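Visitor: One structure follows; several queries about it will come next.
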Amino acid sequence: MTSPDATPAFEPVSVVIPTLNEAETIGTVLAEIPRAFAGDLIVADGGSRDDTREVAAAAGARVIEAGRGYGRACAAGAAAARPECRVVVFLDGDGADRADLIAAVAGPVLAGEKDFVLASRTRGEREPGSMLWHQVLAGRLAGLGIGALTGVSYSDMCAFRAIDRAALARLELREMTYGWNIEMQMQAARARLRIAEVPLPYRRRAGGTSKVAGSLGGTFRAGSRIVTTFLRVATGPAPRR
């Protein structure tokens with residue numbers, strides 16, 4: 001198991017942060033990322049109506065306008081990654097993920113030990129109120145479903161993850177919504193990537209309102225997209241190995 005305090009390998013990685021109205025938090029998130037380790041900071045904005053793009057640019061990020069949709073922003077950010085960076089890290093822009101611990105997630109991929117590493121909030125230390133009960137339950141149910149389908153079990157669907165770029169391309173992800181994360185996890189398992197989970201601490205969001213857990217409608221929309229994506233991927237062709 002990889003320790004959160006793992007010594008970072010200083011090969012630069014591309015860090016992709018999808019955002020939508022995260023002006024309150026994105027500056028802090030970017031400041032927390034070790035610059036010597038993350039050589040390519042990309043904020044993929046989904047049409048923020050606040051100052052997210054301006055704050056991100058002032059903090060040193062490369063800002064791209066990705067269009068609406070969580071998966072669309074992630075895909076656009078990955079496509080914009082610098083060619084010299086062979087590992088892509090994804091994390092949210094709300095300050096809940098421990099961006100200073102990127103080395104724990106990206107390190108095994110950089111070392112050639114793993115192709116895909118997922119941070120697990122449910123196995124790590126969680127700040128009270130950082131995850132609602134239905135988020136924990138959804139992660140466990142998704143893990144059970146993926147395990148039954150592929151033999152690979154996950155404990156979470158955390159946005160904080162690292163993947164080898166060549167492996168990501170093989171997965172041919174096409175989900176442009178909140179189903180992006182579960183599609184990646186399912187296709188990574190079906191492609192027989194070398195996968196690991198790393199327990200990491202998780203905080204309450206640093207500001208603003210969650211687009212998913214912040215409202216009943218947001219929770220329902222995200223949940224329905226996750227279920228729809230699971231069914232589509234489960235009945236579709238597996239990626240090449």
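For the structure tokens, the naming scheme is as follows: chains receive sequential letters (A, B, ...) according to their order of presentation, residues are indexed from 1 within each chain, and ligands are indexed from 1 in presentation order.
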Just the residues within 9 Å of Ala191 (chain A), please, counting only C-alpha atoms, with nothing from its chain fewer than 3 positions along; format it as a JSON list (two decimals) with N, CA and C atoms, in the first residue's frame.

Guide:
[["chain", "number", "residue", "atom", "x", "y", "z"],
["A", 167, "ALA", "N", -2.58, 4.64, -21.30],
["A", 167, "ALA", "CA", -3.65, 3.79, -20.81],
["A", 167, "ALA", "C", -5.00, 4.50, -20.90],
["A", 170, "ARG", "N", -6.40, 4.30, -24.34],
["A", 170, "ARG", "CA", -6.93, 2.98, -24.66],
["A", 170, "ARG", "C", -8.36, 2.80, -24.17],
["A", 171, "LEU", "N", -8.73, 3.49, -23.10],
["A", 171, "LEU", "CA", -10.06, 3.31, -22.52],
["A", 171, "LEU", "C", -11.16, 3.91, -23.39],
["A", 186, "MET", "N", -14.56, 1.43, -14.53],
["A", 186, "MET", "CA", -15.03, 0.20, -15.16],
["A", 186, "MET", "C", -14.14, -0.21, -16.33],
["A", 187, "GLN", "N", -13.84, 0.75, -17.19],
["A", 187, "GLN", "CA", -13.03, 0.43, -18.36],
["A", 187, "GLN", "C", -11.59, 0.09, -17.99],
["A", 188, "ALA", "N", -11.08, 0.73, -16.94],
["A", 188, "ALA", "CA", -9.73, 0.38, -16.47],
["A", 188, "ALA", "C", -9.69, -1.07, -16.00],
["A", 238, "ALA", "N", -15.60, -4.18, -24.39],
["A", 238, "ALA", "CA", -14.47, -3.88, -23.52],
["A", 238, "ALA", "C", -13.39, -3.17, -24.31],
["A", 239, "PRO", "N", -12.61, -2.29, -23.66],
["A", 239, "PRO", "CA", -11.50, -1.64, -24.37],
["A", 239, "PRO", "C", -10.40, -2.65, -24.68],
["A", 240, "ARG", "N", -9.54, -2.27, -25.62],
["A", 240, "ARG", "CA", -8.44, -3.17, -25.97],
["A", 240, "ARG", "C", -7.45, -3.27, -24.81],
["A", 241, "ARG", "N", -6.82, -4.40, -24.69],
["A", 241, "ARG", "CA", -5.87, -4.62, -23.59],
["A", 241, "ARG", "C", -4.45, -4.41, -24.06]]

Visitor: Might you pull out every residue within 9 Å of region 123-138 of chain A, with only C-alpha atoms counted and same-chain residues fewer than 4 positions away left off, and present them as a PyMOL selection string?

Guide: chain A and resi 96+119+142-143+155-157+198-205+213+223

Visitor: Name all residues at most 9 Å from Glu65 (chain A) (count only C-alpha atoms; drop same-chain ones fewer than 5 positions away) and give them as a ChimeraX atom specification.

Guide: /A:43-47,53,73,76

Visitor: Can you pull out the residues contacting Val152 (chain A)? Cut-off 10 Å, using only C-alpha atoms, and skip same-chain residues under 5 positions away; I want them as a ChimeraX atom specification.

Guide: /A:143-147,185-186,188-190,192,195

Visitor: Using only C-alpha atoms, which protein or nucleic acid residues come within 9 Å of Val87 (chain A)? Drop anything in the same chain fewer than 6 positions from it, and give the result as a VMD selection string.

Guide: chain A and resid 12 to 15 106 109 to 110 162 to 166

Visitor: Restricted to N, CA and C atoms, what would the selected residues look like written as a tab-separated table (two decimals), in the first residue's frame?

Guide:
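The result, stored in selection.tsv:
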chain	number	residue	atom	x	y	z
A	12	PRO	N	7.50	15.73	-14.15
A	12	PRO	CA	6.27	16.53	-14.12
A	12	PRO	C	5.06	15.74	-14.61
A	13	VAL	N	3.93	16.03	-14.00
A	13	VAL	CA	2.66	15.44	-14.42
A	13	VAL	C	1.72	16.57	-14.81
A	14	SER	N	0.70	16.24	-15.57
A	14	SER	CA	-0.37	17.19	-15.88
A	14	SER	C	-1.48	17.02	-14.86
A	15	VAL	N	-1.91	18.12	-14.28
A	15	VAL	CA	-2.99	18.10	-13.30
A	15	VAL	C	-4.20	18.79	-13.93
A	106	ALA	N	0.08	9.90	-7.87
A	106	ALA	CA	0.80	9.82	-9.14
A	106	ALA	C	2.08	9.00	-9.05
A	109	VAL	N	2.27	5.45	-10.58
A	109	VAL	CA	2.16	5.47	-12.04
A	109	VAL	C	3.47	5.94	-12.65
A	110	LEU	N	4.05	6.97	-12.09
A	110	LEU	CA	5.33	7.47	-12.58
A	110	LEU	C	6.43	6.41	-12.45
A	162	ALA	N	-4.97	9.27	-10.68
A	162	ALA	CA	-3.87	9.44	-11.64
A	162	ALA	C	-3.88	8.26	-12.60
A	163	ILE	N	-3.58	8.55	-13.86
A	163	ILE	CA	-3.59	7.49	-14.87
A	163	ILE	C	-2.52	7.77	-15.93
A	164	ASP	N	-1.92	6.71	-16.40
A	164	ASP	CA	-0.97	6.81	-17.50
A	164	ASP	C	-1.71	7.29	-18.76
A	165	ARG	N	-1.13	8.24	-19.47
A	165	ARG	CA	-1.84	8.82	-20.63
A	165	ARG	C	-2.12	7.81	-21.72
A	166	ALA	N	-1.17	6.93	-21.98
A	166	ALA	CA	-1.40	5.91	-23.00
A	166	ALA	C	-2.52	4.98	-22.59

Visitor: Quick check, in Å to one decimal: how far apart do CA of Leu141 (chain A) and CA of Thr122 (chain A) lie?

Guide: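 Answer for the CA of Leu141 (chain A) to CA of Thr122 (chain A) separation: 12.6 Å.
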
Visitor: Please compute the CA of Leu149 (chain A)-CA of Val16 (chain A) distance, one decimal, in Å.

Guide: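 Taking CA of Leu149 (chain A) and CA of Val16 (chain A), their separation equals 28.9 Å.
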
Visitor: Could you list, as a list in words, every residue within 9 Å of Ala31 (chain A), counting only C-alpha atoms and ignoring same-chain residues fewer than 6 positions away?

Guide: Ala59, Gly60, Ala99 and Asp100 of chain A

Visitor: Keeping only C-alpha atoms, write those residues as a PDB file, in the first residue's frame.

Guide:
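Final output, saved to part15.pdb:
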ATOM      1  CA  ALA A  59      -2.663  31.453  -9.641  1.00  0.00           C
ATOM      2  CA  GLY A  60      -0.607  30.113 -12.550  1.00  0.00           C
ATOM      3  CA  ALA A  99      -3.863  18.425  -3.487  1.00  0.00           C
ATOM      4  CA  ASP A 100      -0.575  18.509  -1.578  1.00  0.00           C
TER       5      ASP A 100
END

Visitor: Could you pull out the helix (DSSP H, G or I) residues of region 14-203 of chain A from DSSP and send them as number ranges by chain?

Guide: A: 26-32, 52-58, 70-79, 99-110, 133-150, 165-171, 180-190

Visitor: What gap, in Å, lies between CA of Ala38 (chain A) and CA of Glu113 (chain A)?

Guide: 19.1 Å

Visitor: Determine, counting only C-alpha atoms, which protein, DNA and RNA residues have an atom within 7 Å of an atom of Glu197 (chain A); residues of the same chain fewer than 5 positions away are not included. Present the result as an NGL selection string.

Guide: :A and (117-120)

Visitor: Go ahead and save the picked residues with N, CA and C atoms, as a PDB file, in the first residue's frame.

Guide:
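As a result, result.pdb now contains:
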ATOM      1  N   VAL A 117      -4.295   4.828 -10.472  1.00  0.00           N
ATOM      2  CA  VAL A 117      -4.352   4.885  -9.013  1.00  0.00           C
ATOM      3  C   VAL A 117      -5.497   5.802  -8.606  1.00  0.00           C
ATOM      4  N   LEU A 118      -6.333   5.298  -7.714  1.00  0.00           N
ATOM      5  CA  LEU A 118      -7.507   6.028  -7.242  1.00  0.00           C
ATOM      6  C   LEU A 118      -7.348   6.345  -5.765  1.00  0.00           C
ATOM      7  N   ALA A 119      -7.581   7.598  -5.381  1.00  0.00           N
ATOM      8  CA  ALA A 119      -7.631   7.948  -3.967  1.00  0.00           C
ATOM      9  C   ALA A 119      -8.950   7.457  -3.383  1.00  0.00           C
ATOM     10  N   SER A 120      -8.886   6.865  -2.213  1.00  0.00           N
ATOM     11  CA  SER A 120     -10.099   6.392  -1.545  1.00  0.00           C
ATOM     12  C   SER A 120     -10.397   7.261  -0.336  1.00  0.00           C
TER      13      SER A 120
END

Visitor: Under the rule that only C-alpha atoms are counted, which of A:Thr209, A:Leu101, A:Arg140, A:Ala234 is the nearest residue to Glu22 (chain A)?

Guide: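 Counting only C-alpha atoms, the residue closest to Glu22 (chain A) is A:Thr209.
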
Visitor: Can you list, as a PyMOL selection string, all residues belonging to region 73-221 of chain A that DSSP tags as strand (DSSP E or B)?

Guide: chain A and resi 87-90+97+116-120+126+161-164+195-199+202
